[in-house]
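Below is query-v4.cif, which holds mmCIF, C-alpha atoms.
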data_entry
loop_
_atom_site.group_PDB
_atom_site.id
_atom_site.type_symbol
_atom_site.label_atom_id
_atom_site.label_comp_id
_atom_site.auth_asym_id
_atom_site.auth_seq_id
_atom_site.Cartn_x
_atom_site.Cartn_y
_atom_site.Cartn_z
ATOM 1 C CA MET A 1 15.981 58.639 -6.381
ATOM 2 C CA ASP A 2 13.816 55.535 -6.653
ATOM 3 C CA VAL A 3 13.501 53.590 -3.364
ATOM 4 C CA PHE A 4 14.903 50.390 -4.876
ATOM 5 C CA ASP A 5 17.875 52.358 -6.249
ATOM 6 C CA ALA A 6 18.502 53.734 -2.745
ATOM 7 C CA ILE A 7 18.405 50.183 -1.374
ATOM 8 C CA THR A 8 20.790 48.757 -3.985
ATOM 9 C CA GLU A 9 23.235 51.692 -3.859
ATOM 10 C CA ARG A 10 23.398 52.043 -0.070
ATOM 11 C CA LYS A 11 26.621 50.999 1.622
ATOM 12 C CA SER A 12 27.732 51.330 5.231
ATOM 13 C CA VAL A 13 29.974 54.390 5.305
ATOM 14 C CA ARG A 14 32.780 54.540 7.856
ATOM 15 C CA THR A 15 34.809 57.442 6.448
ATOM 16 C CA TYR A 16 33.207 60.873 6.237
ATOM 17 C CA ALA A 17 34.127 64.154 4.575
ATOM 18 C CA ASP A 18 34.666 67.152 6.809
ATOM 19 C CA LYS A 19 31.442 68.788 5.629
ATOM 20 C CA PRO A 20 28.373 69.636 7.712
ATOM 21 C CA VAL A 21 24.968 68.130 6.960
ATOM 22 C CA PRO A 22 22.491 70.893 6.023
ATOM 23 C CA ASN A 23 19.584 71.283 8.450
ATOM 24 C CA GLU A 24 17.034 70.697 5.665
ATOM 25 C CA LYS A 25 18.523 67.267 4.945
ATOM 26 C CA LEU A 26 18.811 66.352 8.620
ATOM 27 C CA GLU A 27 15.210 67.359 9.259
ATOM 28 C CA LYS A 28 14.035 65.321 6.255
ATOM 29 C CA ILE A 29 15.891 62.288 7.650
ATOM 30 C CA LEU A 30 14.328 62.750 11.094
ATOM 31 C CA GLU A 31 10.902 63.236 9.506
ATOM 32 C CA ALA A 32 11.328 59.942 7.620
ATOM 33 C CA GLY A 33 11.935 58.222 10.966
ATOM 34 C CA ARG A 34 8.930 59.918 12.540
ATOM 35 C CA LEU A 35 6.674 58.699 9.718
ATOM 36 C CA ALA A 36 7.617 55.016 10.088
ATOM 37 C CA PRO A 37 4.940 52.465 10.928
ATOM 38 C CA SER A 38 4.707 51.126 14.467
ATOM 39 C CA ALA A 39 2.631 48.547 16.331
ATOM 40 C CA HIS A 40 -0.671 50.112 17.398
ATOM 41 C CA ASN A 41 0.776 53.443 16.189
ATOM 42 C CA THR A 42 2.602 53.816 19.529
ATOM 43 C CA GLN A 43 5.601 55.489 17.845
ATOM 44 C CA PRO A 44 7.911 54.363 20.685
ATOM 45 C CA TRP A 45 10.993 56.107 19.313
ATOM 46 C CA HIS A 46 13.050 59.098 20.236
ATOM 47 C CA PHE A 47 16.011 60.334 18.207
ATOM 48 C CA ILE A 48 18.815 62.340 19.763
ATOM 49 C CA VAL A 49 20.939 64.281 17.291
ATOM 50 C CA VAL A 50 24.531 64.605 18.455
ATOM 51 C CA THR A 51 26.806 67.023 16.599
ATOM 52 C CA ASP A 52 29.111 68.124 19.419
ATOM 53 C CA LYS A 53 32.639 66.854 18.746
ATOM 54 C CA GLU A 54 33.348 65.901 22.372
ATOM 55 C CA GLU A 55 30.077 63.995 22.718
ATOM 56 C CA ARG A 56 30.772 62.158 19.449
ATOM 57 C CA LYS A 57 34.140 61.136 20.939
ATOM 58 C CA ILE A 58 32.301 59.570 23.873
ATOM 59 C CA LEU A 59 29.966 57.717 21.498
ATOM 60 C CA SER A 60 32.988 56.461 19.521
ATOM 61 C CA LEU A 61 34.414 54.503 22.466
ATOM 62 C CA GLY A 62 32.753 51.259 21.338
ATOM 63 C CA ARG A 63 35.094 48.713 19.799
ATOM 64 C CA TYR A 64 33.685 49.193 16.278
ATOM 65 C CA ALA A 65 32.583 52.814 16.640
ATOM 66 C CA LYS A 66 35.841 54.756 16.247
ATOM 67 C CA PHE A 67 34.692 56.437 13.021
ATOM 68 C CA LEU A 68 31.889 58.286 14.849
ATOM 69 C CA THR A 69 34.398 61.051 15.544
ATOM 70 C CA GLN A 70 34.478 61.731 11.761
ATOM 71 C CA SER A 71 30.725 61.674 11.225
ATOM 72 C CA PRO A 72 29.327 65.221 11.522
ATOM 73 C CA VAL A 73 25.974 63.904 12.764
ATOM 74 C CA VAL A 74 25.321 60.958 15.042
ATOM 75 C CA ILE A 75 21.749 59.967 15.848
ATOM 76 C CA VAL A 76 21.090 57.921 18.967
ATOM 77 C CA ALA A 77 17.885 55.958 18.344
ATOM 78 C CA LEU A 78 16.004 55.088 21.525
ATOM 79 C CA GLY A 79 12.985 52.853 22.045
ATOM 80 C CA ASP A 80 10.360 53.245 24.758
ATOM 81 C CA LYS A 81 10.053 49.740 26.206
ATOM 82 C CA LYS A 82 7.185 50.802 28.472
ATOM 83 C CA ALA A 83 5.051 52.211 25.633
ATOM 84 C CA SER A 84 5.476 49.151 23.425
ATOM 85 C CA PRO A 85 7.041 46.268 25.388
ATOM 86 C CA GLY A 86 6.812 43.672 22.635
ATOM 87 C CA TRP A 87 7.555 45.829 19.616
ATOM 88 C CA TYR A 88 9.771 48.837 20.444
ATOM 89 C CA VAL A 89 12.908 47.258 18.928
ATOM 90 C CA VAL A 90 11.134 46.409 15.662
ATOM 91 C CA ASP A 91 9.433 49.802 15.514
ATOM 92 C CA VAL A 92 12.649 51.762 16.071
ATOM 93 C CA SER A 93 14.417 49.555 13.520
ATOM 94 C CA LEU A 94 11.748 50.400 10.915
ATOM 95 C CA ALA A 95 12.157 54.097 11.680
ATOM 96 C CA VAL A 96 15.946 53.932 11.370
ATOM 97 C CA GLU A 97 15.715 52.113 8.033
ATOM 98 C CA ASN A 98 13.469 54.935 6.761
ATOM 99 C CA MET A 99 16.155 57.367 7.900
ATOM 100 C CA ILE A 100 18.929 55.400 6.192
ATOM 101 C CA LEU A 101 17.110 55.277 2.851
ATOM 102 C CA THR A 102 16.237 58.969 3.036
ATOM 103 C CA ALA A 103 19.859 59.851 3.776
ATOM 104 C CA GLN A 104 20.940 57.783 0.758
ATOM 105 C CA ALA A 105 18.442 59.594 -1.463
ATOM 106 C CA GLU A 106 19.829 62.905 -0.162
ATOM 107 C CA GLY A 107 23.394 61.974 -1.144
ATOM 108 C CA LEU A 108 24.499 61.162 2.396
ATOM 109 C CA GLY A 109 26.114 58.058 3.813
ATOM 110 C CA THR A 110 25.158 56.227 7.000
ATOM 111 C CA CYS A 111 26.321 53.398 9.193
ATOM 112 C CA CYS A 112 24.471 51.678 12.025
ATOM 113 C CA VAL A 113 26.564 51.118 15.121
ATOM 114 C CA GLY A 114 25.706 48.534 17.741
ATOM 115 C CA SER A 115 29.047 48.725 19.524
ATOM 116 C CA PHE A 116 28.343 50.901 22.568
ATOM 117 C CA ASP A 117 27.971 50.785 26.331
ATOM 118 C CA GLU A 118 24.257 51.383 26.774
ATOM 119 C CA ALA A 119 24.527 52.754 30.310
ATOM 120 C CA GLU A 120 27.162 55.301 29.234
ATOM 121 C CA VAL A 121 25.176 56.385 26.183
ATOM 122 C CA LYS A 122 21.932 56.697 28.174
ATOM 123 C CA GLN A 123 23.707 58.773 30.792
ATOM 124 C CA MET A 124 25.304 61.033 28.185
ATOM 125 C CA VAL A 125 22.006 61.750 26.393
ATOM 126 C CA LYS A 126 20.038 61.801 29.670
ATOM 127 C CA ALA A 127 17.565 59.157 28.477
ATOM 128 C CA PRO A 128 14.765 58.188 30.878
ATOM 129 C CA ASP A 129 14.826 54.686 32.386
ATOM 130 C CA ASN A 130 12.002 53.413 30.172
ATOM 131 C CA TYR A 131 14.068 54.063 27.026
ATOM 132 C CA GLU A 132 16.627 51.647 25.627
ATOM 133 C CA VAL A 133 19.352 52.529 23.129
ATOM 134 C CA ILE A 134 18.566 50.486 20.016
ATOM 135 C CA VAL A 135 21.218 51.722 17.608
ATOM 136 C CA ILE A 136 23.514 54.644 16.886
ATOM 137 C CA LEU A 137 23.403 56.010 13.336
ATOM 138 C CA ALA A 138 26.311 57.894 11.762
ATOM 139 C CA VAL A 139 25.247 60.362 9.074
ATOM 140 C CA GLY A 140 27.393 62.470 6.765
ATOM 141 C CA TYR A 141 28.872 62.923 3.331
ATOM 142 C CA PRO A 142 31.018 59.939 2.373
ATOM 143 C CA LYS A 143 34.682 60.642 1.716
ATOM 144 C CA ALA A 144 35.277 60.664 -2.027
ATOM 145 C CA LYS A 145 37.652 57.717 -1.855
ATOM 146 C CA MET A 146 37.344 54.732 0.434
ATOM 147 C CA ASP A 147 40.407 53.724 2.378
ATOM 148 C CA SER A 148 41.839 50.284 1.623
ATOM 149 C CA ALA A 149 40.314 48.686 4.744
ATOM 150 C CA SER A 150 36.811 49.857 3.748
ATOM 151 C CA LYS A 151 37.314 48.672 0.173
ATOM 152 C CA SER A 152 38.375 45.197 1.277
ATOM 153 C CA ARG A 153 35.361 44.906 3.635
ATOM 154 C CA HIS A 154 32.985 45.731 0.762
ATOM 155 C CA LEU A 155 34.658 43.298 -1.620
ATOM 156 C CA ALA A 156 34.850 40.450 0.888
ATOM 157 C CA ARG A 157 31.123 40.319 1.586
ATOM 158 C CA ALA A 158 29.116 39.273 -1.434
ATOM 159 C CA ARG A 159 25.346 39.243 -1.006
ATOM 160 C CA LYS A 160 23.604 35.887 -0.634
ATOM 161 C CA SER A 161 21.340 34.789 -3.471
ATOM 162 C CA LEU A 162 17.570 35.142 -3.184
ATOM 163 C CA SER A 163 17.167 31.348 -2.936
ATOM 164 C CA ASP A 164 19.556 31.366 0.062
ATOM 165 C CA VAL A 165 17.420 33.831 2.028
ATOM 166 C CA ALA A 166 13.846 33.141 0.864
ATOM 167 C CA SER A 167 11.640 30.051 0.664
ATOM 168 C CA GLU A 168 8.283 29.107 -0.806
ATOM 169 C CA GLU A 169 5.624 27.818 1.576
ATOM 170 C CA THR A 170 8.147 26.081 3.890
ATOM 171 C CA PHE A 171 11.758 26.606 4.907
ATOM 172 C CA GLU A 172 12.858 23.507 2.990
ATOM 173 C CA LYS A 173 11.763 24.783 -0.441
ATOM 174 C CA PRO A 174 14.088 27.556 -1.704
ATOM 175 C CA TYR A 175 12.403 30.404 -3.547
ATOM 176 C CA THR A 176 12.900 30.318 -7.299
ATOM 177 C CA VAL A 177 12.745 33.409 -9.468
ATOM 178 C CA LYS A 178 9.769 33.209 -11.842
ATOM 179 C CA LYS A 179 10.208 34.077 -15.520
ATOM 180 C CA ALA A 180 8.066 36.907 -16.847
ATOM 181 C CA ASP A 181 5.132 35.738 -18.998
ATOM 182 C CA GLY A 182 5.982 38.145 -21.795
ATOM 183 C CA GLY A 183 2.347 38.979 -22.396
#
Entire entry expressed as structure tokens:
Amino acid sequence: MDVFDAITERKSVRTYADKPVPNEKLEKILEAGRLAPSAHNTQPWHFIVVTDKEERKILSLGRYAKFLTQSPVVIVALGDKKASPGWYVVDVSLAVENMILTAQAEGLGTCCVGSFDEAEVKQMVKAPDNYEVIVILAVGYPKAKMDSASKSRHLARARKSLSDVASEETFEKPYTVKKADGG
């Protein structure tokens, strides 16, 4: 799958099929995270793969995280704030985006979850003090049919236009799409 196709086809998946993720796919996803760029090549990330049903229940206690009980794989993405104090959040975010796009290319769905109690999650995964939980990533095969709540969420949120999110030279001048020269 072309990278741009993965970007345009990716959706946040909140309903998962009861089907395990093959180790080869999971390892490819983790490898994509490992290969992400980072400031000064500090690689301040650590990914904890959670597949245990009871532990996924604990991770699902966040207000918007209930579906983590369905996801066969949950990845807790941590950032080492001591190794890269100014950049660990950005670096881990880049790594997770690599993982998301790789999962999409492998036919898997994902959803980033920011609804969690950091102290509880850190305690559960036994993370050292210098690590911060950046995001939790659900990974699995999407259910064939979306439930009505998921469908309405996707329909209700149209994407902003390029001129709404990009500017030329200054914030005040919206970006305009240039016509191809044809030659």
Please work out which residues fall within 7 Å of (5.5, 45.2, 17.1), coordinates as given in the file, with all atoms listed in the file counting, and return them as a list of chain:residue names. A:Ser38, A:Ala39, A:Gly86, A:Trp87, A:Tyr88, A:Val90, A:Asp91
Determine the residue membership of the PyMOL selection byres ((chain A and resi 94) around 12) for the file above and supply it as a ChimeraX atom specification. /A:32-39,43-45,77,79,87-93,95-101,134-135
I need the output of the PyMOL selection byres ((chain A and resi 129) around 12) for this file as a ChimeraX atom specification; which residues are they? /A:78-82,118-119,122-123,125-128,130-133
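Checking A:Glu106, A:Val121, A:Asn41, A:Pro20 one by one against A:Lys57, counting all atoms listed in the file, you find the shortest gap at A:Val121.
Computed from the coordinates, the atom CA of A:Pro142 to atom CA of A:Glu120 distance equals 27.5 Å.
The residue that comes closest to A:Thr69, out of A:Ala180, A:Val21, A:Leu30, A:Val50 and on the basis of only C-alpha atoms, is A:Val50.
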Distance query A:Cys111 at most 8 Å, only C-alpha atoms, self and fewer than 2 positions along chain excluded, as a ChimeraX atom specification: /A:11-14,109,113,137-139
From the list A:Ala103, A:Val3, A:Ile75, A:Ala144, the nearest residue to A:Thr15 using all atoms listed in the file is A:Ala144
Atom-to-atom span, atom CA of A:Glu27 and atom CA of A:Thr102, Å: 10.5 Å
Contact table stretch 85-129 of chain A vs stretch 58-64 of chain A, cut-off 7 Å, shortest pair per residue, all atoms listed in the file, as a Markdown table:
| residue | atom | partner | partner_atom | distance |
| --- | --- | --- | --- | --- |
| A:Ser115 | CA | A:Gly62 | CA | 4.8 |
| A:Phe116 | CA | A:Gly62 | CA | 4.6 |
| A:Asp117 | CA | A:Gly62 | CA | 6.9 |
| A:Val121 | CA | A:Leu59 | CA | 6.8 |
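Straight-line separation from atom CA of A:Ser163 to atom CA of A:Lys178: 11.7 Å.
Near A:Val49, within 7 Å and counting all atoms listed in the file, sit Val73, Val74, Ile75 and Val76 of chain A, not including residues fewer than 5 positions from it in the same chain.
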